[in-house]
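Reproduced below: coords05.cif, with mmCIF, C-alpha atoms and all ligand atoms.
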```
data_final
#
loop_
_atom_site.label_atom_id
_atom_site.label_comp_id
_atom_site.auth_asym_id
_atom_site.auth_seq_id
_atom_site.Cartn_x
_atom_site.Cartn_y
_atom_site.Cartn_z
CA MET A 19 0.00 0.00 0.00
CA VAL A 20 1.47 3.28 -1.13
CA THR A 21 0.75 6.20 1.19
CA LYS A 22 -0.33 9.51 -0.25
CA LYS A 23 2.99 11.02 0.77
CA GLU A 24 4.90 8.30 -1.10
CA HIS A 25 2.66 8.88 -4.10
CA ILE A 26 3.44 12.63 -4.07
CA LEU A 27 7.15 11.89 -3.73
CA SER A 28 7.01 9.60 -6.74
CA LEU A 29 5.28 12.34 -8.76
CA LEU A 30 7.94 14.84 -7.70
CA ARG A 31 10.53 12.59 -9.31
CA GLU A 32 9.12 13.78 -12.64
CA VAL A 33 10.55 17.24 -11.85
CA HIS A 34 14.16 17.74 -12.84
CA ASP A 35 16.66 20.46 -12.09
CA PRO A 36 16.74 22.40 -15.39
CA GLU A 37 20.49 22.85 -15.03
CA ILE A 38 21.20 19.20 -14.25
CA PRO A 39 18.51 17.31 -16.16
CA ALA A 40 20.15 14.00 -15.27
CA LEU A 41 18.79 14.22 -11.73
CA ASP A 42 15.30 14.72 -10.36
CA ILE A 43 14.68 17.06 -7.44
CA VAL A 44 14.09 14.25 -4.95
CA GLU A 45 17.41 12.50 -5.54
CA LEU A 46 19.15 15.88 -5.68
CA GLY A 47 17.91 16.50 -2.13
CA ILE A 48 15.99 19.67 -2.99
CA VAL A 49 12.72 18.20 -1.66
CA ARG A 50 13.04 18.17 2.14
CA ASP A 51 9.54 17.32 3.30
CA VAL A 52 6.07 16.50 2.02
CA ARG A 53 3.02 16.90 4.26
CA VAL A 54 -0.47 15.90 3.20
CA HIS A 55 -3.58 17.26 4.93
CA GLY A 56 -6.61 16.02 3.02
CA LYS A 57 -6.45 17.74 -0.35
CA GLN A 58 -3.78 20.16 0.76
CA ILE A 59 -0.16 19.39 0.01
CA HIS A 60 2.70 21.24 1.62
CA ILE A 61 6.23 20.80 0.30
CA ASN A 62 9.48 22.08 1.78
CA ILE A 63 12.32 22.65 -0.62
CA THR A 64 15.87 23.87 -0.08
CA PRO A 65 18.15 25.55 -2.63
CA THR A 66 21.41 23.87 -3.60
CA TYR A 67 23.11 27.28 -3.57
CA SER A 68 21.63 30.48 -2.07
CA GLY A 69 21.55 32.14 -5.46
CA CYS A 70 20.44 29.15 -7.53
CA PRO A 71 18.49 30.78 -10.38
CA ALA A 72 16.60 27.55 -11.08
CA MET A 73 14.59 27.61 -7.84
CA GLN A 74 11.71 29.65 -9.22
CA MET A 75 11.42 27.38 -12.24
CA ILE A 76 11.56 24.31 -10.01
CA GLN A 77 8.72 25.69 -7.87
CA ASN A 78 6.63 26.31 -10.98
CA ASP A 79 7.41 22.81 -12.26
CA ILE A 80 6.37 21.24 -8.93
CA ILE A 81 3.04 23.02 -9.00
CA GLY A 82 2.53 22.24 -12.69
CA THR A 83 3.32 18.55 -12.24
CA LEU A 84 1.06 18.11 -9.22
CA ASN A 85 -1.76 20.05 -10.91
CA LYS A 86 -1.46 17.72 -13.88
CA HIS A 87 -2.05 14.78 -11.54
CA GLY A 88 -5.08 16.44 -9.95
CA PHE A 89 -3.51 18.05 -6.90
CA ASN A 90 -4.48 21.70 -7.07
CA ASP A 91 -3.88 22.88 -3.53
CA VAL A 92 -0.08 22.98 -3.30
CA ALA A 93 1.97 25.21 -1.01
CA ILE A 94 5.76 25.40 -1.20
CA THR A 95 8.07 26.72 1.50
CA THR A 96 11.80 27.38 1.05
CA VAL A 97 13.82 26.19 4.05
CA TYR A 98 17.51 26.82 4.70
CA SER A 99 18.21 24.45 7.55
CA PRO A 100 19.84 21.96 7.35
CA ALA A 101 21.98 23.44 4.58
CA TRP A 102 21.99 21.43 1.37
CA THR A 103 25.00 19.19 0.97
CA THR A 104 26.30 16.98 -1.81
CA GLY A 105 26.48 14.32 0.92
CA TRP A 106 22.77 13.71 0.23
CA LEU A 107 23.46 12.35 -3.26
CA ASN A 108 23.34 8.57 -3.17
CA ALA A 109 25.40 6.16 -5.27
CA GLU A 110 22.71 5.89 -7.94
CA ALA A 111 22.50 9.67 -8.34
CA LYS A 112 26.25 9.91 -8.61
CA GLN A 113 26.31 7.23 -11.27
CA LYS A 114 23.69 9.17 -13.26
CA LEU A 115 25.83 12.30 -13.06
CA LYS A 116 28.83 10.39 -14.31
CA GLU A 117 26.92 8.96 -17.24
CA TYR A 118 25.69 12.47 -18.01
CA GLY A 119 29.33 13.62 -18.27
CA ILE A 120 29.68 15.40 -14.92
CA THR A 121 32.11 13.90 -12.42
CA PRO A 122 30.20 13.30 -9.17
CA PRO A 123 31.05 14.87 -5.80
CA GLN A 124 33.25 12.90 -3.45
CA THR A 125 31.65 12.03 -0.14
CA VAL A 126 31.85 9.46 2.62
CA ASN A 127 28.90 8.96 5.00
CA GLU A 128 27.34 12.26 3.99
CA ALA A 129 30.58 14.07 4.82
CA VAL A 130 32.37 16.07 2.22
CA VAL A 131 35.81 14.49 2.04
CA THR A 132 37.96 16.32 -0.43
CA LEU A 133 37.97 19.70 -2.03
CA PRO A 134 38.51 19.87 -5.75
CA GLY A 135 42.17 20.01 -6.60
CA SER A 136 43.82 17.45 -8.75
CA GLU A 137 43.41 13.94 -10.10
CA MET A 138 39.75 14.26 -11.02
CA GLU A 139 38.85 11.40 -13.34
CA CYS A 140 37.85 12.48 -16.85
CA PRO A 141 34.25 11.31 -17.46
CA PHE A 142 35.02 10.77 -21.17
CA CYS A 143 38.30 8.81 -21.20
CA SER A 144 38.82 7.98 -17.48
CA SER A 145 42.24 9.64 -17.52
CA HIS A 146 43.51 11.16 -14.29
CA ASN A 147 45.75 13.55 -16.19
CA THR A 148 43.34 16.42 -15.60
CA GLU A 149 43.54 19.92 -14.19
CA LEU A 150 41.23 22.34 -12.45
CA ARG A 151 40.57 25.36 -14.67
CA CYS A 152 38.08 27.19 -12.45
CA GLU A 153 36.23 26.53 -9.19
CA PHE A 154 33.10 27.88 -10.83
CA SER A 155 31.52 26.73 -14.06
CA SER A 156 28.28 27.08 -16.00
CA THR A 157 26.49 26.95 -12.64
CA ALA A 158 27.66 27.59 -9.08
CA CYS A 159 27.34 23.91 -8.20
CA LYS A 160 29.98 22.81 -10.71
CA SER A 161 33.67 23.47 -11.28
CA LEU A 162 35.48 23.36 -14.60
CA TYR A 163 38.22 20.84 -15.39
CA PHE A 164 40.26 20.06 -18.45
CA CYS A 165 41.48 16.63 -19.53
CA ASN A 166 45.05 16.75 -20.84
CA ASP A 167 44.67 13.37 -22.58
CA CYS A 168 41.46 13.70 -24.59
CA CYS A 169 41.67 17.53 -24.57
CA GLN A 170 38.06 17.91 -23.47
CA PRO A 171 36.80 20.32 -20.84
CA PHE A 172 34.45 18.71 -18.32
CA GLU A 173 32.46 19.70 -15.28
CA HIS A 174 32.71 18.41 -11.74
CA PHE A 175 29.78 18.54 -9.33
CA LYS A 176 31.64 20.16 -6.50
CA GLU A 177 31.61 19.15 -2.89
CA ILE A 178 29.72 21.40 -0.55
CA MET B 19 14.54 33.69 21.60
CA LYS B 20 13.49 31.36 18.83
CA ASN B 21 11.37 33.27 16.39
CA GLY B 22 12.90 36.73 16.53
CA SER B 23 9.58 38.41 17.15
CA ASP B 24 9.83 39.21 20.86
CA HIS B 25 8.82 42.78 21.46
CA GLY B 26 11.72 45.14 22.08
CA THR B 27 14.34 43.03 20.37
CA LYS B 28 12.69 43.33 16.99
CA ASN B 29 14.28 46.59 15.93
CA VAL B 30 17.77 45.57 16.85
CA LEU B 31 17.37 42.27 15.04
CA VAL B 32 16.06 44.00 11.90
CA GLU B 33 19.02 46.37 12.07
CA PHE B 34 21.46 43.47 12.29
CA LEU B 35 19.80 41.63 9.40
CA LEU B 36 19.92 44.77 7.24
CA ARG B 37 23.66 45.05 7.87
CA LEU B 38 24.14 41.41 6.84
CA GLY B 39 21.81 41.60 3.87
CA ASP B 40 23.02 44.93 2.52
CA ASP B 41 26.70 43.92 2.56
CA ARG B 42 25.89 40.94 0.37
CA LEU B 43 23.44 42.77 -1.88
CA ILE B 44 25.82 45.63 -2.66
CA LEU B 45 28.92 43.49 -3.15
CA GLY B 46 26.87 41.08 -5.28
CA HIS B 47 25.79 44.01 -7.43
CA ARG B 48 29.36 45.29 -7.77
CA LEU B 49 30.63 41.85 -8.80
CA SER B 50 27.83 41.49 -11.33
CA GLU B 51 29.25 44.57 -13.09
CA TRP B 52 32.17 42.38 -14.15
CA CYS B 53 29.86 40.17 -16.18
CA GLY B 54 31.21 40.24 -19.74
CA HIS B 55 34.29 42.25 -18.74
CA ALA B 56 36.54 39.88 -16.74
CA PRO B 57 40.08 39.24 -18.03
CA ILE B 58 39.33 35.63 -19.00
CA LEU B 59 36.14 33.69 -19.62
CA GLU B 60 36.62 31.39 -16.62
CA GLU B 61 36.96 34.40 -14.34
CA ASP B 62 33.91 36.04 -15.84
CA ILE B 63 31.93 32.97 -14.91
CA ALA B 64 33.51 32.74 -11.46
CA LEU B 65 32.72 36.35 -10.54
CA ALA B 66 29.17 36.02 -11.85
CA ASN B 67 28.65 32.86 -9.80
CA ILE B 68 30.02 34.49 -6.66
CA ALA B 69 27.77 37.50 -7.29
CA LEU B 70 24.83 35.13 -7.58
CA ASP B 71 25.68 33.42 -4.27
CA LEU B 72 25.89 36.80 -2.54
CA LEU B 73 22.62 38.00 -4.06
CA GLY B 74 20.98 34.74 -2.98
CA GLN B 75 22.26 35.18 0.56
CA ALA B 76 21.07 38.81 0.52
CA SER B 77 17.65 37.77 -0.71
CA ALA B 78 17.19 35.21 2.09
CA ILE B 79 18.45 37.61 4.77
CA LEU B 80 16.39 40.59 3.59
CA HIS B 81 13.33 38.36 3.31
CA LEU B 82 13.87 37.45 6.96
CA ALA B 83 14.40 41.12 7.88
CA GLY B 84 11.05 41.95 6.27
CA ASP B 85 9.35 39.11 8.17
CA VAL B 86 10.79 40.18 11.51
CA GLU B 87 9.96 43.82 10.88
CA GLY B 88 6.33 42.89 10.26
CA LYS B 89 5.50 45.81 7.97
CA ASN B 90 4.80 43.67 4.92
CA ARG B 91 8.03 44.63 3.18
CA THR B 92 9.49 41.96 0.91
CA GLU B 93 13.17 41.52 0.09
CA ASP B 94 12.49 43.37 -3.17
CA ASP B 95 10.91 46.31 -1.33
CA LEU B 96 13.97 46.52 0.89
CA ALA B 97 16.40 46.31 -2.03
CA TYR B 98 14.65 48.68 -4.42
CA PHE B 99 12.71 51.17 -2.33
CA ARG B 100 15.12 52.34 0.35
CA GLU B 101 17.30 55.44 0.06
CA ALA B 102 21.08 55.42 0.40
CA THR B 103 21.01 56.60 4.03
CA GLN B 104 18.80 53.62 4.90
CA PHE B 105 21.38 51.14 3.61
CA LYS B 106 23.60 49.64 6.31
CA ASN B 107 26.32 48.03 4.17
CA LEU B 108 30.02 48.68 4.66
CA GLN B 109 31.69 51.35 2.56
CA LEU B 110 34.13 48.62 1.54
CA VAL B 111 31.55 46.87 -0.62
CA GLU B 112 30.14 49.97 -2.34
CA GLN B 113 33.47 51.23 -3.72
CA PRO B 114 33.73 51.03 -7.52
CA ASN B 115 35.39 47.87 -8.82
CA GLY B 116 38.67 49.52 -9.84
CA ASP B 117 40.99 47.13 -11.65
CA PHE B 118 40.92 43.35 -11.30
CA ALA B 119 43.43 43.44 -8.41
CA PHE B 120 41.18 45.86 -6.50
CA THR B 121 38.12 43.64 -7.06
CA ILE B 122 40.02 40.55 -5.94
CA ALA B 123 41.57 42.18 -2.86
CA ARG B 124 38.17 43.44 -1.75
CA LEU B 125 36.57 40.04 -2.40
CA PHE B 126 39.33 38.40 -0.37
CA PHE B 127 38.91 40.82 2.55
CA PHE B 128 35.14 40.43 2.56
CA SER B 129 35.12 36.65 2.01
CA THR B 130 37.52 36.16 4.93
CA PHE B 131 35.12 38.18 7.07
CA ASN B 132 31.98 36.50 5.67
CA ASN B 133 33.42 33.05 6.28
CA LEU B 134 34.34 33.81 9.91
CA LEU B 135 31.01 35.51 10.58
CA CYS B 136 28.89 32.74 9.02
CA ASP B 137 30.87 30.14 10.96
CA VAL B 138 29.85 31.86 14.21
CA LEU B 139 26.28 32.63 13.14
CA GLN B 140 25.55 29.07 12.08
CA LYS B 141 25.66 28.28 15.81
CA SER B 142 23.05 30.97 16.48
CA SER B 143 20.04 29.98 18.60
CA TYR B 144 17.90 31.77 16.03
CA GLU B 145 17.24 28.82 13.79
CA THR B 146 16.36 30.58 10.53
CA LEU B 147 19.46 32.75 10.73
CA ALA B 148 21.60 29.73 11.63
CA GLY B 149 20.35 27.91 8.52
CA ILE B 150 21.12 30.84 6.21
CA ALA B 151 24.55 31.23 7.82
CA ALA B 152 25.31 27.52 7.39
CA LYS B 153 24.80 27.90 3.64
CA GLY B 154 26.76 31.15 3.64
CA PHE B 155 29.63 29.41 5.39
CA LYS B 156 29.90 26.71 2.73
CA GLU B 157 29.59 29.14 -0.15
CA SER B 158 32.02 31.69 1.27
CA SER B 159 34.60 28.93 1.71
CA TYR B 160 34.72 28.71 -2.09
CA HIS B 161 34.76 32.50 -2.49
CA LEU B 162 37.59 32.72 0.00
CA ARG B 163 39.69 30.05 -1.66
CA HIS B 164 39.13 31.51 -5.10
CA SER B 165 40.08 35.06 -4.07
CA LYS B 166 43.00 33.85 -1.96
CA GLU B 167 44.47 31.99 -4.93
CA TRP B 168 44.25 35.15 -7.01
CA MET B 169 45.89 37.15 -4.19
CA LEU B 170 48.85 34.77 -4.30
CA ARG B 171 48.94 34.68 -8.09
CA LEU B 172 48.85 38.46 -8.51
CA GLY B 173 51.03 39.29 -5.51
CA GLY B 174 53.68 36.79 -6.52
CA GLY B 175 53.18 37.19 -10.28
CA THR B 176 54.75 39.79 -12.52
CA GLU B 177 56.09 43.16 -11.43
CA GLU B 178 52.95 44.76 -12.82
CA SER B 179 50.52 42.39 -11.10
CA HIS B 180 52.41 42.80 -7.82
CA ARG B 181 52.34 46.58 -8.10
CA ARG B 182 48.63 46.60 -8.79
CA MET B 183 47.87 44.24 -5.90
CA GLN B 184 49.94 46.29 -3.48
CA ASN B 185 48.13 49.45 -4.63
CA ALA B 186 44.75 47.75 -4.20
CA VAL B 187 45.58 46.62 -0.66
CA ASN B 188 46.92 50.08 0.25
CA GLU B 189 43.77 51.68 -1.10
CA LEU B 190 41.34 49.25 0.53
CA TRP B 191 42.95 48.92 3.93
CA ARG B 192 41.22 51.94 5.46
CA PHE B 193 37.84 50.37 4.64
CA THR B 194 38.54 47.16 6.54
CA GLY B 195 38.56 48.68 10.03
CA GLU B 196 34.81 49.28 10.35
CA MET B 197 34.11 45.77 9.11
CA LEU B 198 35.69 44.44 12.30
CA VAL B 199 33.89 46.73 14.72
CA PHE B 200 30.66 45.56 16.32
CA ASP B 201 28.50 48.03 18.21
CA GLU B 202 25.45 48.10 20.48
CA VAL B 203 23.35 46.24 17.90
CA GLU B 204 25.47 43.10 17.95
CA THR B 205 26.16 43.46 21.69
CA GLU B 206 22.44 43.53 22.44
CA LEU B 207 21.78 40.44 20.31
CA GLN B 208 24.63 38.66 22.07
CA ARG B 209 23.19 39.65 25.45
CA LEU B 210 19.84 38.18 24.38
CA ASN B 211 21.60 35.02 23.21
CA THR B 212 20.17 35.48 19.72
CA ILE B 213 23.65 35.36 18.22
CA PRO B 214 26.89 33.96 19.66
CA ASP B 215 29.85 36.07 20.75
CA LEU B 216 31.49 37.85 17.78
CA SER B 217 34.44 39.28 19.66
CA THR B 218 37.07 36.91 18.27
CA ILE B 219 36.30 37.73 14.62
CA ALA B 220 38.47 40.85 14.43
CA SER B 221 41.65 39.13 15.59
CA GLN B 222 40.94 36.03 13.50
CA TRP B 223 40.39 38.20 10.43
CA SER B 224 43.61 40.13 11.01
CA GLY B 225 45.58 36.91 11.44
CA ALA B 226 44.07 35.25 8.37
CA ALA B 227 44.48 38.32 6.16
CA ALA B 228 48.06 38.92 7.30
CA ALA B 229 49.02 35.30 6.57
CA VAL B 230 47.80 35.51 2.97
CA LEU B 231 49.21 38.99 2.34
CA THR B 232 52.60 37.85 3.61
CA GLU B 233 52.52 34.75 1.43
CA ALA B 234 51.56 36.98 -1.52
CA THR B 235 54.62 39.18 -0.74
CA ILE B 236 52.32 42.14 -0.16
CA ILE B 237 53.31 44.65 2.51
CA ILE B 238 50.58 45.00 5.14
CA PRO B 239 49.61 48.67 5.52
CA PHE B 240 49.60 50.26 8.95
CA ARG B 241 46.29 50.98 10.57
CA GLN B 242 45.53 54.68 10.19
CA LYS B 243 46.16 55.49 13.82
CA ASP B 244 49.71 54.21 13.38
CA SER B 245 50.48 55.84 10.04
CA GLY B 246 49.02 59.31 10.46
CA GLN B 247 49.05 59.63 6.68
CA ALA B 248 46.97 62.53 5.41
CA GLY B 249 44.12 61.59 3.12
CA ASN B 250 44.24 57.99 4.21
CA HIS B 251 41.89 58.18 7.17
CA ALA B 252 39.94 55.11 8.21
CA VAL B 253 36.27 55.28 7.27
CA SER B 254 33.44 54.68 9.72
CA GLY B 255 29.72 55.23 10.08
CA SER B 256 28.33 53.12 7.26
CA ARG B 257 26.48 50.85 9.72
CA HIS B 258 24.49 53.97 10.62
CA GLY B 259 23.80 54.99 7.03
CA PHE B 260 26.81 57.20 6.28
CA HIS B 261 28.13 56.30 2.85
CA SER B 262 30.49 57.43 0.15
CA GLU B 263 29.07 59.14 -2.95
CA TYR B 264 29.40 55.84 -4.82
CA LEU B 265 26.45 54.14 -3.14
CA GLY B 266 23.99 56.66 -4.56
CA HIS B 267 25.20 56.02 -8.09
CA LEU B 268 25.08 52.28 -7.57
CA LEU B 269 21.52 52.43 -6.22
CA ALA B 270 20.38 54.66 -9.07
CA GLU B 271 21.33 51.92 -11.49
CA MET B 272 20.19 49.00 -9.34
CA GLN B 273 16.81 50.50 -8.46
CA ILE B 274 15.78 52.28 -11.63
CA LEU B 275 13.80 49.44 -13.22
CA ALA B 276 11.82 48.60 -10.10
CA ARG B 277 11.09 52.28 -9.48
CA SER B 278 10.17 53.14 -13.07
CA TYR B 279 7.96 50.09 -13.50
CA PRO B 280 6.80 49.14 -9.98
CA ASP B 281 4.53 46.39 -11.28
CA ALA B 282 7.05 44.88 -13.68
CA LYS B 283 7.06 41.07 -13.69
CA TRP B 284 9.59 38.73 -15.25
ZN ZN A 301 39.68 12.70 -21.01
#
```
In structure tokens, write the structure found in this file.
Amino acid sequence: MVTKKEHILSLLREVHDPEIPALDIVELGIVRDVRVHGKQIHINITPTYSGCPAMQMIQNDIIGTLNKHGFNDVAITTVYSPAWTTGWLNAEAKQKLKEYGITPPQTVNEAVVTLPGSEMECPFCSSHNTELRCEFSSTACKSLYFCNDCCQPFEHFKEI
Amino acid sequence: MKNGSDHGTKNVLVEFLLRLGDDRLILGHRLSEWCGHAPILEEDIALANIALDLLGQASAILHLAGDVEGKNRTEDDLAYFREATQFKNLQLVEQPNGDFAFTIARLFFFSTFNNLLCDVLQKSSYETLAGIAAKGFKESSYHLRHSKEWMLRLGGGTEESHRRMQNAVNELWRFTGEMLVFDEVETELQRLNTIPDLSTIASQWSGAAAAVLTEATIIIPFRQKDSGQAGNHAVSGSRHGFHSEYLGHLLAEMQILARSYPDAKW
């Protein structure tokens, strides 16, 4: 028997971060809580980064998706505590990132272990002959690397 | 105090939140001016991302300030419909960008401060503020590392880059003093146990800044009271709304759209 909350959570997995389409907002850890009171649904979300420009779009997508499935009374609250961490990404999510061409963040037991520096594995050719070009990339949550073997730039989902 | 709404402490808490929010809003705006102008593409993207982090932090903090104040003012109202004298940001952050060395030195000075402050505030008993500070701490760690690396690169780089970095530090030093001074606003919040003790930040900042400047082979300027140099007086008063002429110009640009088209929607 699937509870209503589990049902809502499964619907929310249809919503993806527009900047990292490989992951849905549940596995990315943006959805923090779902509360169901009769027809009313209350969802807590947290931004990955304070200035994440995708948050407004994600809120609209949540409402749109739930409306599509017949849930019309949806309230969303942005919460800041606990602060979002890449430690919430599980092994499956990291694998998806890798397949998408973004090297996943390094974590052990939800703890951020290393800061980006050297020896990041190239997602295209698996070479470790890579170098950090910039701690910031197309979005705040990624840093920019360059592979000296296949001469491709690639992004790393940085630890935070 | 858990919700920040206790009568009598409200004003002082709003004041503190405006100081926090305005620092980040104004520096975020200054950094955004680099968009499309940075020396290399990677740096353009880095500065824009840092600006975005700071604007995001400002938005969350000013939203909270509006909530605590209870006069139905949103973060946008606070950003776009206050006058210069009502802004409580440091003069440090409102100064024009100058050259790249100036922008980096300022970012380094502020990020060192932001990182220390957020580290303390994330232990605040005021849960909403603690949550915002916890995010700010993580983000400012990246800003700090990025600006520190540039300090070392420019300070220890060519003769020209070294000269420019030394000039930037000399020019900015007099703005750093008031950043490290806390007054009755912070003292009152500490007394109420809303925020933890901030008294160690000044010495930690000085130690951290000195270590990087030394490694970057940059000479640390004297504090004004030691140097007595004319025209190089330390600034003060911005926490009470006293600003340089530059804030007015910045606000004119930042606020014009919202003021000309008050109902404009994206
Ligand atoms: Zn490669």
Please work out which residues fall within 9 Å of (25.2, 42.5, -6.0), coordinates as given in the file, with only C-alpha atoms counting, and return them as a PyMOL selection string.
chain B and resi 41-51+69-70+72-73+76+272
Can you write out the residues you just picked, keeping C-alpha atoms, as a PDB file, in the frame of the given file?
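Contents of result_23.pdb, freshly written:
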```pdb
ATOM      1  CA  ASP B  41      26.700  43.920   2.560  1.00  0.00           C
ATOM      2  CA  ARG B  42      25.890  40.940   0.370  1.00  0.00           C
ATOM      3  CA  LEU B  43      23.440  42.770  -1.880  1.00  0.00           C
ATOM      4  CA  ILE B  44      25.820  45.630  -2.660  1.00  0.00           C
ATOM      5  CA  LEU B  45      28.920  43.490  -3.150  1.00  0.00           C
ATOM      6  CA  GLY B  46      26.870  41.080  -5.280  1.00  0.00           C
ATOM      7  CA  HIS B  47      25.790  44.010  -7.430  1.00  0.00           C
ATOM      8  CA  ARG B  48      29.360  45.290  -7.770  1.00  0.00           C
ATOM      9  CA  LEU B  49      30.630  41.850  -8.800  1.00  0.00           C
ATOM     10  CA  SER B  50      27.830  41.490 -11.330  1.00  0.00           C
ATOM     11  CA  GLU B  51      29.250  44.570 -13.090  1.00  0.00           C
ATOM     12  CA  ALA B  69      27.770  37.500  -7.290  1.00  0.00           C
ATOM     13  CA  LEU B  70      24.830  35.130  -7.580  1.00  0.00           C
ATOM     14  CA  LEU B  72      25.890  36.800  -2.540  1.00  0.00           C
ATOM     15  CA  LEU B  73      22.620  38.000  -4.060  1.00  0.00           C
ATOM     16  CA  ALA B  76      21.070  38.810   0.520  1.00  0.00           C
ATOM     17  CA  MET B 272      20.190  49.000  -9.340  1.00  0.00           C
TER      18      MET B 272
END
```
Can you work out the spacing between atom CA of A:Met138 and atom CA of A:Ser156 in Å, to one decimal?
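According to the coordinates, atom CA of A:Met138 and atom CA of A:Ser156 are separated by 17.9 Å.
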Excluding A:Gly69 and its own-chain neighbours fewer than 3 positions away, which residues fall within 10 Å of it when counting all atoms listed in the file? Please give them as a PyMOL selection string.
(chain A and resi 65-66+72-73+158) or (chain B and resi 67-78)
Which residues are near A:Ser145? Cut-off 9 Å, all atoms listed in the file, ignore same chain within fewer than 4 positions. Put them as a PDB file with C-alpha atoms, in the frame of the given file.
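Output (selection_4.pdb):
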```
ATOM      1  CA  GLU A 137      43.410  13.940 -10.100  1.00  0.00           C
ATOM      2  CA  MET A 138      39.750  14.260 -11.020  1.00  0.00           C
ATOM      3  CA  GLU A 139      38.850  11.400 -13.340  1.00  0.00           C
ATOM      4  CA  CYS A 140      37.850  12.480 -16.850  1.00  0.00           C
ATOM      5  CA  PRO A 141      34.250  11.310 -17.460  1.00  0.00           C
ATOM      6  CA  CYS A 165      41.480  16.630 -19.530  1.00  0.00           C
ATOM      7  CA  ASN A 166      45.050  16.750 -20.840  1.00  0.00           C
ATOM      8  CA  ASP A 167      44.670  13.370 -22.580  1.00  0.00           C
ATOM      9  CA  CYS A 168      41.460  13.700 -24.590  1.00  0.00           C
TER      10      CYS A 168
END
```
Using all atoms listed in the file, give me every residue within 7 Å of (44.7, 38.7, -9.0) in file coordinates, as a list in words.
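Protein, DNA and RNA residues close to (44.7, 38.7, -9.0): Phe118, Ala119, Ile122, Trp168, Met169, Arg171 and Leu172 of chain B.
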At a cut-off of 8 Å, which residues of chain A touch chain B? Count only C-alpha atoms and give the answer as a ChimeraX atom specification.
/A:67-70,98-102,151-158,178
Can you tell me, as a PyMOL selection string, what residues are no more than 12 Å from B:Ala227 when counting all atoms listed in the file, ignoring any on the same chain fewer than 3 positions away?
chain B and resi 123-131+134+162+165-166+169-170+187+191+194+219-224+230-234+236-239
Can I get the selected residues back with C-alpha atoms, as a JSON list (two decimals), keeping the file's coordinate frame?
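Output file selection-v9.json is given in full below:
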```json
[["chain", "number", "residue", "atom", "x", "y", "z"],
["B", 123, "ALA", "CA", 41.57, 42.18, -2.86],
["B", 124, "ARG", "CA", 38.17, 43.44, -1.75],
["B", 125, "LEU", "CA", 36.57, 40.04, -2.40],
["B", 126, "PHE", "CA", 39.33, 38.40, -0.37],
["B", 127, "PHE", "CA", 38.91, 40.82, 2.55],
["B", 128, "PHE", "CA", 35.14, 40.43, 2.56],
["B", 129, "SER", "CA", 35.12, 36.65, 2.01],
["B", 130, "THR", "CA", 37.52, 36.16, 4.93],
["B", 131, "PHE", "CA", 35.12, 38.18, 7.07],
["B", 134, "LEU", "CA", 34.34, 33.81, 9.91],
["B", 162, "LEU", "CA", 37.59, 32.72, 0.00],
["B", 165, "SER", "CA", 40.08, 35.06, -4.07],
["B", 166, "LYS", "CA", 43.00, 33.85, -1.96],
["B", 169, "MET", "CA", 45.89, 37.15, -4.19],
["B", 170, "LEU", "CA", 48.85, 34.77, -4.30],
["B", 187, "VAL", "CA", 45.58, 46.62, -0.66],
["B", 191, "TRP", "CA", 42.95, 48.92, 3.93],
["B", 194, "THR", "CA", 38.54, 47.16, 6.54],
["B", 219, "ILE", "CA", 36.30, 37.73, 14.62],
["B", 220, "ALA", "CA", 38.47, 40.85, 14.43],
["B", 221, "SER", "CA", 41.65, 39.13, 15.59],
["B", 222, "GLN", "CA", 40.94, 36.03, 13.50],
["B", 223, "TRP", "CA", 40.39, 38.20, 10.43],
["B", 224, "SER", "CA", 43.61, 40.13, 11.01],
["B", 230, "VAL", "CA", 47.80, 35.51, 2.97],
["B", 231, "LEU", "CA", 49.21, 38.99, 2.34],
["B", 232, "THR", "CA", 52.60, 37.85, 3.61],
["B", 233, "GLU", "CA", 52.52, 34.75, 1.43],
["B", 234, "ALA", "CA", 51.56, 36.98, -1.52],
["B", 236, "ILE", "CA", 52.32, 42.14, -0.16],
["B", 237, "ILE", "CA", 53.31, 44.65, 2.51],
["B", 238, "ILE", "CA", 50.58, 45.00, 5.14],
["B", 239, "PRO", "CA", 49.61, 48.67, 5.52]]
```
Please provide the set of residues having any atom within 8 Å of stretch 39-41 of chain A, restricted to all atoms listed in the file, with same-chain residues fewer than 3 positions apart removed, written as a PyMOL selection string.
chain A and resi 34-36+45-46+111+114-115+118
Hey, can you check how far atom CA of B:Leu108 sits from atom CA of B:Gly195?
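So the two atoms, atom CA of B:Leu108 and atom CA of B:Gly195, lie 10.1 Å apart.
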Rank A:Leu84, A:Cys159, A:Val33, A:Cys143 by their smallest atom-to-atom distance to ligand ZN 301 (chain A), using all atoms listed in the file, and report the top residue only.
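The answer is A:Cys143, which sits nearest to ligand ZN 301 (chain A).
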Let me make sure I understand: among A:Gln124, A:Gln58, A:Ser144, A:Ser161, which one has the smallest atom-to-atom distance to ligand ZN 301 (chain A) if we use only C-alpha atoms and all ligand atoms?
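When distances to ligand ZN 301 (chain A) are compared using only C-alpha atoms and all ligand atoms, the smallest one comes from A:Ser144.
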Counting only C-alpha atoms, what is within 12 Å of B:Ala97, bar same-chain residues fewer than 4 positions away, as a ChimeraX atom specification?
/B:36,39-44,47,73,76-81,83-84,91-93,101-102,104-107,268-270,272-277
For atom CA of A:Ile61 and atom CA of A:Ala93, determine how far apart the two atoms are, in Å to one decimal place.
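Atom CA of A:Ile61 sits 6.3 Å away from atom CA of A:Ala93.
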